[in-house]
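Pasted below: protein_7.cif, mmCIF, C-alpha atoms.
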data_upload
loop_
_atom_site.label_atom_id
_atom_site.label_comp_id
_atom_site.auth_asym_id
_atom_site.auth_seq_id
_atom_site.Cartn_x
_atom_site.Cartn_y
_atom_site.Cartn_z
CA MET A 1 174.31 150.30 97.15
CA ASN A 2 170.85 151.36 98.25
CA PRO A 3 168.30 148.60 98.81
CA VAL A 4 165.57 148.44 96.18
CA PRO A 5 162.40 150.05 97.60
CA PRO A 6 159.42 147.69 97.71
CA SER A 7 157.04 148.02 94.76
CA PRO A 8 153.54 149.45 95.31
CA THR A 9 152.16 145.95 94.68
CA ALA A 10 154.40 144.47 97.36
CA LEU A 11 153.36 147.21 99.79
CA ALA A 12 149.68 146.59 99.01
CA ALA A 13 150.16 142.86 99.55
CA GLU A 14 151.95 143.48 102.84
CA HIS A 15 149.15 145.79 103.97
CA PHE A 16 146.54 143.23 102.93
CA LEU A 17 148.27 140.40 104.82
CA ALA A 18 148.70 142.56 107.95
CA ARG A 19 144.94 142.99 108.28
CA GLN A 20 142.83 140.91 110.65
CA SER A 21 139.55 140.28 108.88
CA PHE A 22 136.47 141.24 110.88
CA ILE A 23 134.13 139.63 108.34
CA GLU A 24 135.62 136.18 108.90
CA LEU A 25 134.88 136.27 112.63
CA LYS A 26 131.77 134.81 114.26
CA ALA A 27 129.36 137.11 116.10
CA ARG A 28 130.76 136.32 119.58
CA GLU A 29 134.40 136.83 118.55
CA ARG A 30 133.40 140.10 116.87
CA ALA A 31 131.72 141.46 120.00
CA GLU A 32 134.54 140.36 122.30
CA LEU A 33 137.24 141.88 120.07
CA LEU A 34 135.50 145.24 119.73
CA VAL A 35 135.37 146.06 123.44
CA ASP A 36 138.44 146.99 125.52
CA ALA A 37 140.49 143.88 126.37
CA GLY A 38 139.29 142.02 129.45
CA THR A 39 135.99 143.93 129.79
CA ALA A 40 133.62 141.63 127.85
CA ARG A 41 130.76 140.08 129.81
CA GLU A 42 128.00 138.29 127.92
CA LEU A 43 124.32 138.72 128.82
CA ALA A 44 121.74 136.03 128.02
CA GLY A 45 124.48 133.77 126.65
CA PRO A 46 124.21 130.24 125.23
CA PHE A 47 124.13 128.53 128.66
CA ASP A 48 121.07 130.59 129.61
CA ARG A 49 119.45 128.64 126.77
CA ILE A 50 117.04 131.37 125.73
CA SER A 51 116.51 129.87 122.30
CA SER A 52 113.65 129.93 119.81
CA PRO A 53 110.66 127.84 120.90
CA TRP A 54 109.31 127.87 117.32
CA LEU A 55 112.07 126.36 115.18
CA ALA A 56 112.10 122.77 116.52
CA ALA A 57 108.34 122.55 115.96
CA GLN A 58 109.07 123.25 112.29
CA GLY A 59 111.88 120.73 112.07
CA LEU A 60 114.69 123.26 112.31
CA VAL A 61 117.62 123.02 114.73
CA PRO A 62 117.71 125.96 117.16
CA GLN A 63 120.84 127.72 118.42
CA ALA A 64 121.30 128.18 122.17
CA ASP A 65 121.66 131.99 121.90
CA ASP A 66 119.18 132.31 118.98
CA GLY A 67 121.91 133.93 116.91
CA VAL A 68 122.32 137.13 118.92
CA VAL A 69 125.30 137.89 121.17
CA ILE A 70 124.95 140.66 123.76
CA VAL A 71 128.22 141.81 125.32
CA ARG A 72 128.56 144.42 128.06
CA GLY A 73 132.00 145.95 128.14
CA ALA A 74 133.92 149.16 127.74
CA MET A 75 135.12 151.19 124.77
CA ASN A 76 137.26 154.29 125.34
CA ALA A 77 137.15 153.02 128.98
CA ARG A 78 133.43 153.90 129.08
CA PRO A 79 130.58 151.39 129.33
CA VAL A 80 129.05 150.13 126.10
CA VAL A 81 126.77 147.32 125.00
CA VAL A 82 127.72 145.51 121.80
CA ILE A 83 124.92 143.63 120.05
CA SER A 84 126.28 141.25 117.45
CA ILE A 85 124.10 139.19 115.10
CA GLU A 86 125.35 135.78 113.88
CA GLY A 87 124.80 135.67 110.13
CA GLY A 88 125.63 131.97 109.92
CA PHE A 89 122.55 130.95 111.91
CA GLN A 90 119.35 131.25 109.87
CA GLY A 91 120.83 134.17 107.90
CA GLY A 92 120.92 136.36 111.00
CA SER A 93 117.15 136.48 110.87
CA MET A 94 115.10 138.11 113.61
CA GLY A 95 112.87 135.69 115.47
CA GLU A 96 110.92 136.35 118.63
CA VAL A 97 113.85 135.62 120.96
CA SER A 98 116.72 137.11 118.95
CA ALA A 99 114.83 140.36 118.36
CA ALA A 100 113.61 140.49 121.99
CA LYS A 101 117.20 140.11 123.19
CA ILE A 102 118.22 143.13 121.12
CA ALA A 103 115.24 145.28 122.14
CA ALA A 104 115.60 144.37 125.83
CA SER A 105 119.32 145.15 125.92
CA LEU A 106 118.70 148.54 124.27
CA ASP A 107 115.99 149.25 126.84
CA LEU A 108 118.33 148.15 129.63
CA ALA A 109 121.04 150.51 128.33
CA ARG A 110 118.54 153.38 128.46
CA LYS A 111 117.13 152.49 131.91
CA VAL A 112 120.61 152.21 133.39
CA GLY A 113 121.20 155.65 131.90
CA GLU A 114 118.15 157.10 133.63
CA GLN A 115 119.71 156.13 136.95
CA GLY A 116 123.19 157.40 136.15
CA THR A 117 125.56 156.93 133.24
CA PRO A 118 123.82 156.27 129.92
CA ILE A 119 125.20 153.32 127.97
CA PRO A 120 125.71 153.73 124.23
CA ALA A 121 125.09 150.77 121.94
CA VAL A 122 126.96 149.23 119.03
CA LEU A 123 124.94 147.07 116.65
CA VAL A 124 126.79 144.67 114.35
CA PHE A 125 124.25 144.00 111.61
CA GLU A 126 124.30 140.68 109.78
CA SER A 127 120.69 139.98 108.96
CA GLY A 128 118.30 139.01 106.20
CA GLY A 129 115.51 140.61 108.24
CA VAL A 130 112.53 139.00 109.93
CA ARG A 131 112.72 135.20 110.37
CA LEU A 132 109.89 133.95 108.18
CA GLN A 133 109.33 130.86 110.38
CA GLU A 134 108.37 133.20 113.23
CA ALA A 135 106.48 135.61 110.99
CA ASN A 136 104.39 138.03 113.04
CA LEU A 137 106.37 137.60 116.26
CA GLY A 138 109.63 138.39 114.47
CA LEU A 139 107.95 141.37 112.81
CA ALA A 140 106.46 142.69 116.07
CA LEU A 141 109.74 142.34 117.97
CA THR A 142 111.69 143.98 115.13
CA GLY A 143 109.35 146.94 115.67
CA GLU A 144 110.36 146.82 119.33
CA ILE A 145 114.02 147.12 118.27
CA HIS A 146 113.17 150.26 116.29
CA ARG A 147 111.25 151.73 119.22
CA ALA A 148 114.07 150.98 121.65
CA MET A 149 116.64 152.52 119.26
CA LEU A 150 114.61 155.73 118.92
CA ALA A 151 114.39 156.04 122.70
CA LEU A 152 118.07 155.29 123.34
CA ARG A 153 119.56 157.44 120.58
CA ARG A 154 118.09 160.56 122.17
CA VAL A 155 120.51 160.23 125.09
CA VAL A 156 123.51 158.30 123.74
CA PRO A 157 124.77 157.31 120.29
CA VAL A 158 123.57 154.05 118.76
CA VAL A 159 126.28 153.13 116.27
CA GLY A 160 125.76 150.51 113.55
CA VAL A 161 128.19 148.44 111.52
CA ILE A 162 127.41 146.41 108.40
CA PRO A 163 130.57 144.36 107.86
CA GLY A 164 129.22 141.69 105.45
CA MET A 165 128.93 139.10 104.02
CA VAL A 166 125.23 138.52 104.76
CA GLY A 167 124.49 142.24 104.69
CA CYS A 168 121.53 144.00 106.23
CA PHE A 169 118.01 143.71 104.89
CA GLY A 170 114.33 144.03 105.76
CA GLY A 171 113.44 145.30 109.22
CA MET A 172 117.10 145.41 110.18
CA ALA A 173 117.80 147.75 107.24
CA ILE A 174 115.33 150.11 108.93
CA ALA A 175 117.27 149.62 112.18
CA ALA A 176 120.51 150.47 110.33
CA ALA A 177 118.88 153.62 108.97
CA LEU A 178 117.92 154.65 112.52
CA CYS A 179 121.53 154.55 113.75
CA SER A 180 123.27 157.71 114.96
CA HIS A 181 126.24 156.73 112.83
CA LEU A 182 126.46 153.89 110.29
CA ILE A 183 129.71 152.25 109.22
CA MET A 184 130.01 149.85 106.26
CA THR A 185 132.69 147.90 104.44
CA ARG A 186 132.77 147.32 100.67
CA GLU A 187 131.69 143.76 101.46
CA GLY A 188 128.54 144.89 103.28
CA ARG A 189 125.18 145.38 101.58
CA LEU A 190 122.23 147.46 102.74
CA SER A 191 118.76 147.28 101.26
CA LEU A 192 115.18 147.22 102.52
CA ASN A 193 114.32 144.37 100.14
CA GLY A 194 116.80 141.75 99.03
CA PRO A 195 117.38 141.31 95.27
CA GLU A 196 115.25 138.14 95.04
CA VAL A 197 112.33 139.84 96.79
CA ILE A 198 112.42 142.83 94.44
CA GLU A 199 112.58 140.55 91.41
CA GLN A 200 109.72 138.42 92.68
CA GLU A 201 107.54 141.43 93.42
CA ALA A 202 108.39 143.71 90.51
CA GLY A 203 109.92 141.45 87.86
CA PRO A 204 113.47 141.08 86.48
CA ALA A 205 113.10 144.26 84.43
CA GLU A 206 113.02 146.19 87.71
CA PHE A 207 115.86 144.27 89.35
CA ASP A 208 117.65 141.18 88.03
CA SER A 209 118.59 139.17 91.12
CA HIS A 210 121.14 137.16 89.11
CA ASP A 211 123.09 140.29 88.17
CA ARG A 212 125.79 140.41 90.85
CA LYS A 213 127.37 143.56 89.43
CA LEU A 214 124.04 145.34 89.63
CA ILE A 215 123.41 144.15 93.20
CA TRP A 216 126.78 145.40 94.46
CA GLU A 217 126.56 148.64 92.47
CA ILE A 218 123.22 149.49 94.05
CA THR A 219 123.30 147.95 97.54
CA GLY A 220 127.05 147.55 98.25
CA GLY A 221 128.85 149.54 100.94
CA ALA A 222 130.81 151.76 98.53
CA GLN A 223 127.60 152.87 96.81
CA ARG A 224 125.63 153.31 100.02
CA TYR A 225 128.41 155.46 101.42
CA ALA A 226 128.74 157.51 98.24
CA ALA A 227 124.99 158.16 98.14
CA GLY A 228 124.86 159.20 101.79
CA PHE A 229 123.05 156.22 103.32
CA ALA A 230 126.12 155.25 105.35
CA ASP A 231 128.40 157.68 107.17
CA GLU A 232 131.68 155.88 106.82
CA LEU A 233 133.35 153.26 104.64
CA VAL A 234 136.12 151.25 106.26
CA GLU A 235 138.41 148.39 105.33
CA ASP A 236 137.70 144.89 106.60
CA ASP A 237 140.12 145.08 109.52
CA VAL A 238 139.38 144.60 113.22
CA GLN A 239 141.55 147.50 114.42
CA THR A 240 140.31 149.91 111.74
CA LEU A 241 136.71 149.08 112.57
CA ALA A 242 137.26 149.31 116.33
CA ASP A 243 138.96 152.71 115.90
CA ALA A 244 136.09 153.97 113.72
CA LEU A 245 133.57 152.80 116.32
CA ARG A 246 135.45 154.48 119.18
CA ALA A 247 135.59 157.72 117.19
CA ALA A 248 131.87 157.49 116.40
CA LEU A 249 131.00 156.90 120.06
CA ALA A 250 133.21 159.81 121.13
CA ARG A 251 131.39 162.10 118.66
CA GLY A 252 128.16 161.60 120.61
CA VAL A 253 124.58 162.10 119.50
CA PRO A 254 124.27 163.93 116.16
CA ALA A 255 122.32 167.20 116.05
CA ARG A 256 119.97 165.58 113.56
CA HIS A 257 119.73 161.88 112.77
CA ARG A 258 119.53 160.80 109.15
CA SER A 259 116.02 159.46 109.66
CA GLU A 260 114.92 162.92 110.83
CA ARG A 261 115.96 164.21 107.39
CA VAL A 262 113.59 161.85 105.59
CA GLY A 263 111.93 164.79 103.79
CA GLU A 264 115.19 165.71 102.05
CA PHE A 265 115.62 162.13 100.81
CA LEU A 266 111.98 161.85 99.68
CA GLU A 267 112.31 165.09 97.74
CA ARG A 268 115.24 163.57 95.81
CA ILE A 269 113.35 160.34 95.13
CA ALA A 270 110.46 162.40 93.73
CA ARG A 271 112.86 163.72 91.06
CA ILE A 272 113.12 160.27 89.42
CA ASP A 273 111.00 160.26 86.27
CA ASP A 274 111.62 156.71 85.06
CA PRO A 275 112.00 154.22 87.94
CA LEU A 276 113.24 151.48 85.56
CA ARG A 277 116.24 153.55 84.41
CA PHE A 278 118.81 153.78 87.15
CA ASP A 279 122.45 152.97 87.77
CA SER A 280 124.93 153.61 90.53
CA ALA A 281 126.25 156.91 89.09
CA MET A 282 122.72 158.26 88.59
CA LEU A 283 121.81 157.38 92.20
CA ARG A 284 124.99 158.97 93.56
CA ASP A 285 124.14 162.16 91.65
CA LEU A 286 120.54 162.02 92.78
CA PHE A 287 121.46 161.99 96.47
CA ALA A 288 124.54 164.23 96.12
CA GLY A 289 124.86 166.89 98.79
CA LEU A 290 122.84 165.02 101.41
CA LYS A 291 125.96 163.73 103.12
CA THR A 292 127.16 165.69 106.13
CA ASP A 293 130.65 167.19 106.18
CA GLU A 294 132.04 164.99 108.94
CA ARG A 295 131.88 161.87 106.76
CA HIS A 296 135.14 160.43 105.63
CA VAL A 297 136.78 157.18 104.59
CA SER A 298 138.95 155.60 107.31
CA ARG A 299 142.03 153.66 106.26
CA MET B 1 115.23 117.03 112.70
CA GLU B 2 116.23 114.17 114.93
CA LYS B 3 117.14 114.08 118.63
CA LEU B 4 119.71 111.45 119.69
CA ILE B 5 120.88 110.65 123.20
CA PHE B 6 124.11 108.86 124.06
CA LYS B 7 125.65 107.89 127.40
CA TYR B 8 129.23 107.12 128.39
CA PRO B 9 129.05 105.94 132.05
CA ALA B 10 132.82 105.34 132.28
CA ALA B 11 133.66 109.03 131.74
CA SER B 12 134.27 110.08 135.33
CA GLU B 13 136.84 112.89 135.40
CA LEU B 14 135.71 116.18 136.88
CA VAL B 15 134.88 118.88 134.32
CA SER B 16 136.00 122.16 135.84
CA ARG B 17 134.55 124.71 133.40
CA ARG B 18 131.77 124.89 130.90
CA ALA B 19 132.60 125.67 127.28
CA HIS B 20 130.71 126.78 124.19
CA VAL B 21 132.05 126.52 120.63
CA GLY B 22 130.68 126.66 117.10
CA VAL B 23 127.64 128.03 115.32
CA VAL B 24 124.52 126.32 113.92
CA ALA B 25 125.57 127.35 110.41
CA SER B 26 125.54 125.25 107.25
CA GLY B 27 127.98 122.34 107.65
CA ASP B 28 128.75 123.34 111.23
CA MET B 29 127.38 122.82 114.73
CA GLU B 30 127.53 124.26 118.23
CA VAL B 31 128.64 122.39 121.35
CA LEU B 32 127.59 123.26 124.89
CA LEU B 33 129.79 121.34 127.30
CA GLU B 34 129.31 121.60 131.08
CA PRO B 35 129.82 119.49 134.21
CA SER B 36 127.18 116.76 134.24
CA GLY B 37 126.81 116.87 138.03
CA ALA B 38 126.67 113.07 138.06
CA PRO B 39 129.00 110.21 137.19
CA GLY B 40 129.32 109.57 133.47
CA ALA B 41 128.80 111.68 130.36
CA ARG B 42 125.51 112.36 128.61
CA ILE B 43 125.27 113.68 125.06
CA VAL B 44 122.16 115.12 123.47
CA VAL B 45 122.37 115.67 119.72
CA ASN B 46 119.83 117.76 117.85
CA THR B 47 120.63 117.23 114.19
CA SER B 48 119.06 118.55 111.00
CA VAL B 49 119.99 115.34 109.15
CA ASP B 50 117.90 112.29 110.03
CA GLY B 51 119.08 108.67 110.04
CA TYR B 52 122.72 109.00 111.11
CA ARG B 53 122.63 107.48 114.62
CA ARG B 54 125.31 104.93 113.76
CA THR B 55 127.66 107.58 112.40
CA TRP B 56 127.13 109.76 115.48
CA LYS B 57 127.82 106.80 117.72
CA GLY B 58 131.00 106.02 115.80
CA VAL B 59 132.29 109.59 116.11
CA LEU B 60 131.34 109.86 119.80
CA ASP B 61 132.89 106.43 120.60
CA ARG B 62 136.10 107.69 119.08
CA PHE B 63 135.98 110.96 121.07
CA PHE B 64 135.27 109.13 124.33
CA SER B 65 138.09 106.66 123.64
CA HIS B 66 140.42 109.39 124.98
CA TYR B 67 138.11 111.98 126.60
CA ARG B 68 137.09 111.07 130.16
CA GLY B 69 135.15 114.14 131.29
CA ALA B 70 131.88 113.60 133.18
CA ALA B 71 130.26 116.14 130.91
CA ALA B 72 126.73 117.07 129.90
CA ILE B 73 127.13 117.82 126.20
CA GLU B 74 124.49 119.35 123.98
CA ILE B 75 125.08 119.49 120.25
CA ASN B 76 122.99 121.54 117.83
CA ASP B 77 124.03 120.27 114.41
CA PHE B 78 123.36 121.75 110.98
CA GLY B 79 124.95 119.10 108.82
CA ALA B 80 128.51 118.97 110.20
CA THR B 81 130.69 116.22 108.71
CA PRO B 82 132.24 113.66 111.12
CA GLY B 83 135.55 115.53 110.88
CA THR B 84 133.93 118.80 111.90
CA VAL B 85 132.06 117.07 114.74
CA LEU B 86 135.32 115.72 116.19
CA LEU B 87 137.04 119.09 115.75
CA ARG B 88 134.25 120.94 117.59
CA LEU B 89 134.22 118.36 120.40
CA GLU B 90 137.99 118.64 120.82
CA GLN B 91 137.73 122.45 120.85
CA ALA B 92 135.04 122.33 123.55
CA ALA B 93 137.08 119.88 125.63
CA GLU B 94 140.21 122.04 125.32
CA LYS B 95 138.31 125.22 126.21
CA SER B 96 136.79 123.56 129.29
CA ARG B 97 140.30 122.71 130.53
CA ARG B 98 141.65 126.26 130.17
#
Rewritten as structure tokens:
Amino acid sequence: MNPVPPSPTALAAEHFLARQSFIELKARERAELLVDAGTARELAGPFDRISSPWLAAQGLVPQADDGVVIVRGAMNARPVVVISIEGGFQGGSMGEVSAAKIAASLDLARKVGEQGTPIPAVLVFESGGVRLQEANLGLALTGEIHRAMLALRRVVPVVGVIPGMVGCFGGMAIAAALCSHLIMTREGRLSLNGPEVIEQEAGPAEFDSHDRKLIWEITGGAQRYAAGFADELVEDDVQTLADALRAALARGVPARHRSERVGEFLERIARIDDPLRFDSAMLRDLFAGLKTDERHVSR
Amino acid sequence: MEKLIFKYPAASELVSRRAHVGVVASGDMEVLLEPSGAPGARIVVNTSVDGYRRTWKGVLDRFFSHYRGAAAIEINDFGATPGTVLLRLEQAAEKSRR
């Protein structure tokens, strides 16, 4: 007698259990797992104690690495720098030190490249944006991140990942948009302003921050991918994500970055006649055709 | 935020490696454990919750009832429960022995 084949549900459950969640990992574990085994070397780590000088003065406990982990290592046996933001610490917010660490490592990757082999960068985004307690300094240094990305992406790819669950907002949403290649999961969110900010500024009629369905339908990874704001949608699995990153790095610098096509996106936005009437399907239609052919869903 | 300092002069075993564990996330904390370079252990706690010196002392007394490392330990705490504090300390101690 033939054995009974496993049901689709059993297969799906088996597949689900076989995954190693990337989302559940901390920033340091994420960075160390993404690079080739045994190659990880941390720069400006916790024992260097380059932490925020501003938080304690405001009664907030600092973190020794200010919530940013910089790991030099190899992917595809070629040098890479992985910059991983810790969402658990102050919402992954960009203060003076955390943002300076990112900008300086991107600059270092470019300068090393000027002397020999350029070093591509991987950014693992998990950020609510600028750290409000460090206001102008966080804002200024986030601008430095953007500048450093623009300089580096001309010579080597700067690949971004938004795994979730914090998501990627504010100045770091701009950084995500500047990436050569952007990968998201369904659990990731991408938006310039967070839902609460939009509601506060424009009222609940514009965006109801309590409407979780609305938030995920507009800012969630599946929607951002479908509308062309992310290049790839992957499952929450360490190996799947690492494979997607290696493929993106191997693809090199795109002929034209998304941010260089801003005119095409603006032209679509200008077609909206009633800004209060939108839903996910309407937005997907609005931006249809702006995706490039190479985009695909990795499983 | 409160800064607390504790000393355990009897902790005299050599700490061979430094170790870092944890994150300053809600209900969690980070531990930086390294050789103290002097006899005895010294613990600096930066905690977001004021007024818990006695509880910290109780948890640390318990940890140092079996841990003998002459360690300089820095804790950045964001509201970890005593159970989490002990867990993170044990993790740091284990990692420093690896």
Matched chain/residue IDs from the PyMOL selection byres ((chain B) within 10 of (chain A)), as a PyMOL selection string: chain B and resi 1-3+18-26+28-34+46-49+74-78
So that I can see what lies close to Asn193 of chain A, please list as a compact mmCIF listing (two decimals) with C-alpha atoms, in the coordinates of the input the residues with an atom at most 6 Å from it, counting all atoms listed in the file and leaving out residues fewer than 2 positions away in the same chain.
# COMPACT_ATOMS: atom_id res chain seq x y z
CA GLY A 170 114.33 144.03 105.76
CA SER A 191 118.76 147.28 101.26
CA VAL A 197 112.33 139.84 96.79
Provide an axis-aligned box for all listed atoms of segment 34-49 of chain B, padding each side by 6 Å; report its centre and its edge lengths in Å to one decimal, as lines of an AutoDock Vina configuration file.
center_x = 124.4
center_y = 115.6
center_z = 123.6
size_x = 22.8
size_y = 24.0
size_z = 40.9
Who sits within 9 Å of Gly73 of chain A, all atoms listed in the file, same chain under 5 positions skipped, as a ChimeraX atom specification: /A:32,35-42,78-82
Picked residues, the PyMOL selection byres ((chain A and resi 154) around 10), as a ChimeraX atom specification: /A:110,149-153,155-158,180,253-255,257
Who sits within 7 Å of segment 258-261 of chain A, all atoms listed in the file, same chain under 4 positions skipped, as a ChimeraX atom specification: /A:177-178,265
Would you output that residue set with C-alpha atoms, as a compact mmCIF listing (two decimals), in the frame of the given file?
# COMPACT_ATOMS: atom_id res chain seq x y z
CA ALA A 177 118.88 153.62 108.97
CA LEU A 178 117.92 154.65 112.52
CA PHE A 265 115.62 162.13 100.81
Residue nearest Ser105 of chain A among A:Ile50, A:Leu43, A:Met172, A:Val130 (counting all atoms listed in the file): A:Leu43
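Of note, atom CA of Ala104 of chain A and atom CA of Leu141 of chain A are spaced 10.0 Å apart.
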Give me, as a Markdown table, each residue of segment 146-179 of chain A that comes within 8 Å of segment 123-127 of chain A, together with its shortest interatomic pair and the distance in Å at one decimal, counting only C-alpha atoms, with rows ordered by chain and rising residue number.
| residue | atom | partner | partner_atom | distance |
| --- | --- | --- | --- | --- |
| A:Val158 | CA | A:Leu123 | CA | 7.4 |
| A:Val159 | CA | A:Leu123 | CA | 6.2 |
| A:Gly160 | CA | A:Leu123 | CA | 4.7 |
| A:Val161 | CA | A:Val124 | CA | 4.9 |
| A:Ile162 | CA | A:Phe125 | CA | 5.1 |
| A:Pro163 | CA | A:Phe125 | CA | 7.4 |
| A:Gly164 | CA | A:Glu126 | CA | 6.6 |
| A:Met165 | CA | A:Glu126 | CA | 7.6 |
| A:Val166 | CA | A:Glu126 | CA | 5.5 |
| A:Gly167 | CA | A:Glu126 | CA | 5.3 |
| A:Cys168 | CA | A:Ser127 | CA | 4.9 |
| A:Phe169 | CA | A:Ser127 | CA | 6.1 |
| A:Met172 | CA | A:Ser127 | CA | 6.6 |
| A:Ala176 | CA | A:Phe125 | CA | 7.6 |
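Between atom CA of Cys179 of chain A and atom CA of Arg147 of chain A there is a distance of 12.0 Å.
One distance worth recording is that between atom CA of Glu196 of chain A and atom CA of Gly129 of chain A, which is 13.4 Å.
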Best match for closeness to Asp274 of chain A among A:Pro118, A:Glu206, A:Glu96, A:Glu199, counting all atoms listed in the file: A:Glu206
Polymer residues at most 9 Å from segment 56-59 of chain B, only C-alpha atoms, same-chain spacing of 6 or more positions, as an MDAnalysis selection string: chainID B and resid 4 6 45 82:83 85:86
In file coordinates, which residues lie within 9 Å of (126.5, 109.4, 128.4) using all atoms listed in the file, given as a PDB file with C-alpha atoms, in the frame of the given file?
ATOM      1  CA  ILE B   5     120.880 110.650 123.200  1.00  0.00           C
ATOM      2  CA  PHE B   6     124.110 108.860 124.060  1.00  0.00           C
ATOM      3  CA  LYS B   7     125.650 107.890 127.400  1.00  0.00           C
ATOM      4  CA  TYR B   8     129.230 107.120 128.390  1.00  0.00           C
ATOM      5  CA  PRO B   9     129.050 105.940 132.050  1.00  0.00           C
ATOM      6  CA  ALA B  10     132.820 105.340 132.280  1.00  0.00           C
ATOM      7  CA  ALA B  11     133.660 109.030 131.740  1.00  0.00           C
ATOM      8  CA  GLY B  40     129.320 109.570 133.470  1.00  0.00           C
ATOM      9  CA  ALA B  41     128.800 111.680 130.360  1.00  0.00           C
ATOM     10  CA  ARG B  42     125.510 112.360 128.610  1.00  0.00           C
ATOM     11  CA  ILE B  43     125.270 113.680 125.060  1.00  0.00           C
ATOM     12  CA  VAL B  44     122.160 115.120 123.470  1.00  0.00           C
ATOM     13  CA  ALA B  70     131.880 113.600 133.180  1.00  0.00           C
ATOM     14  CA  ALA B  71     130.260 116.140 130.910  1.00  0.00           C
ATOM     15  CA  ALA B  72     126.730 117.070 129.900  1.00  0.00           C
ATOM     16  CA  ILE B  73     127.130 117.820 126.200  1.00  0.00           C
TER      17      ILE B  73
END
Selection: 7 Å around Phe287 of chain A, only C-alpha atoms, excl. self and same-chain fewer than 6 positions, as a ChimeraX atom specification: /A:227-228,268
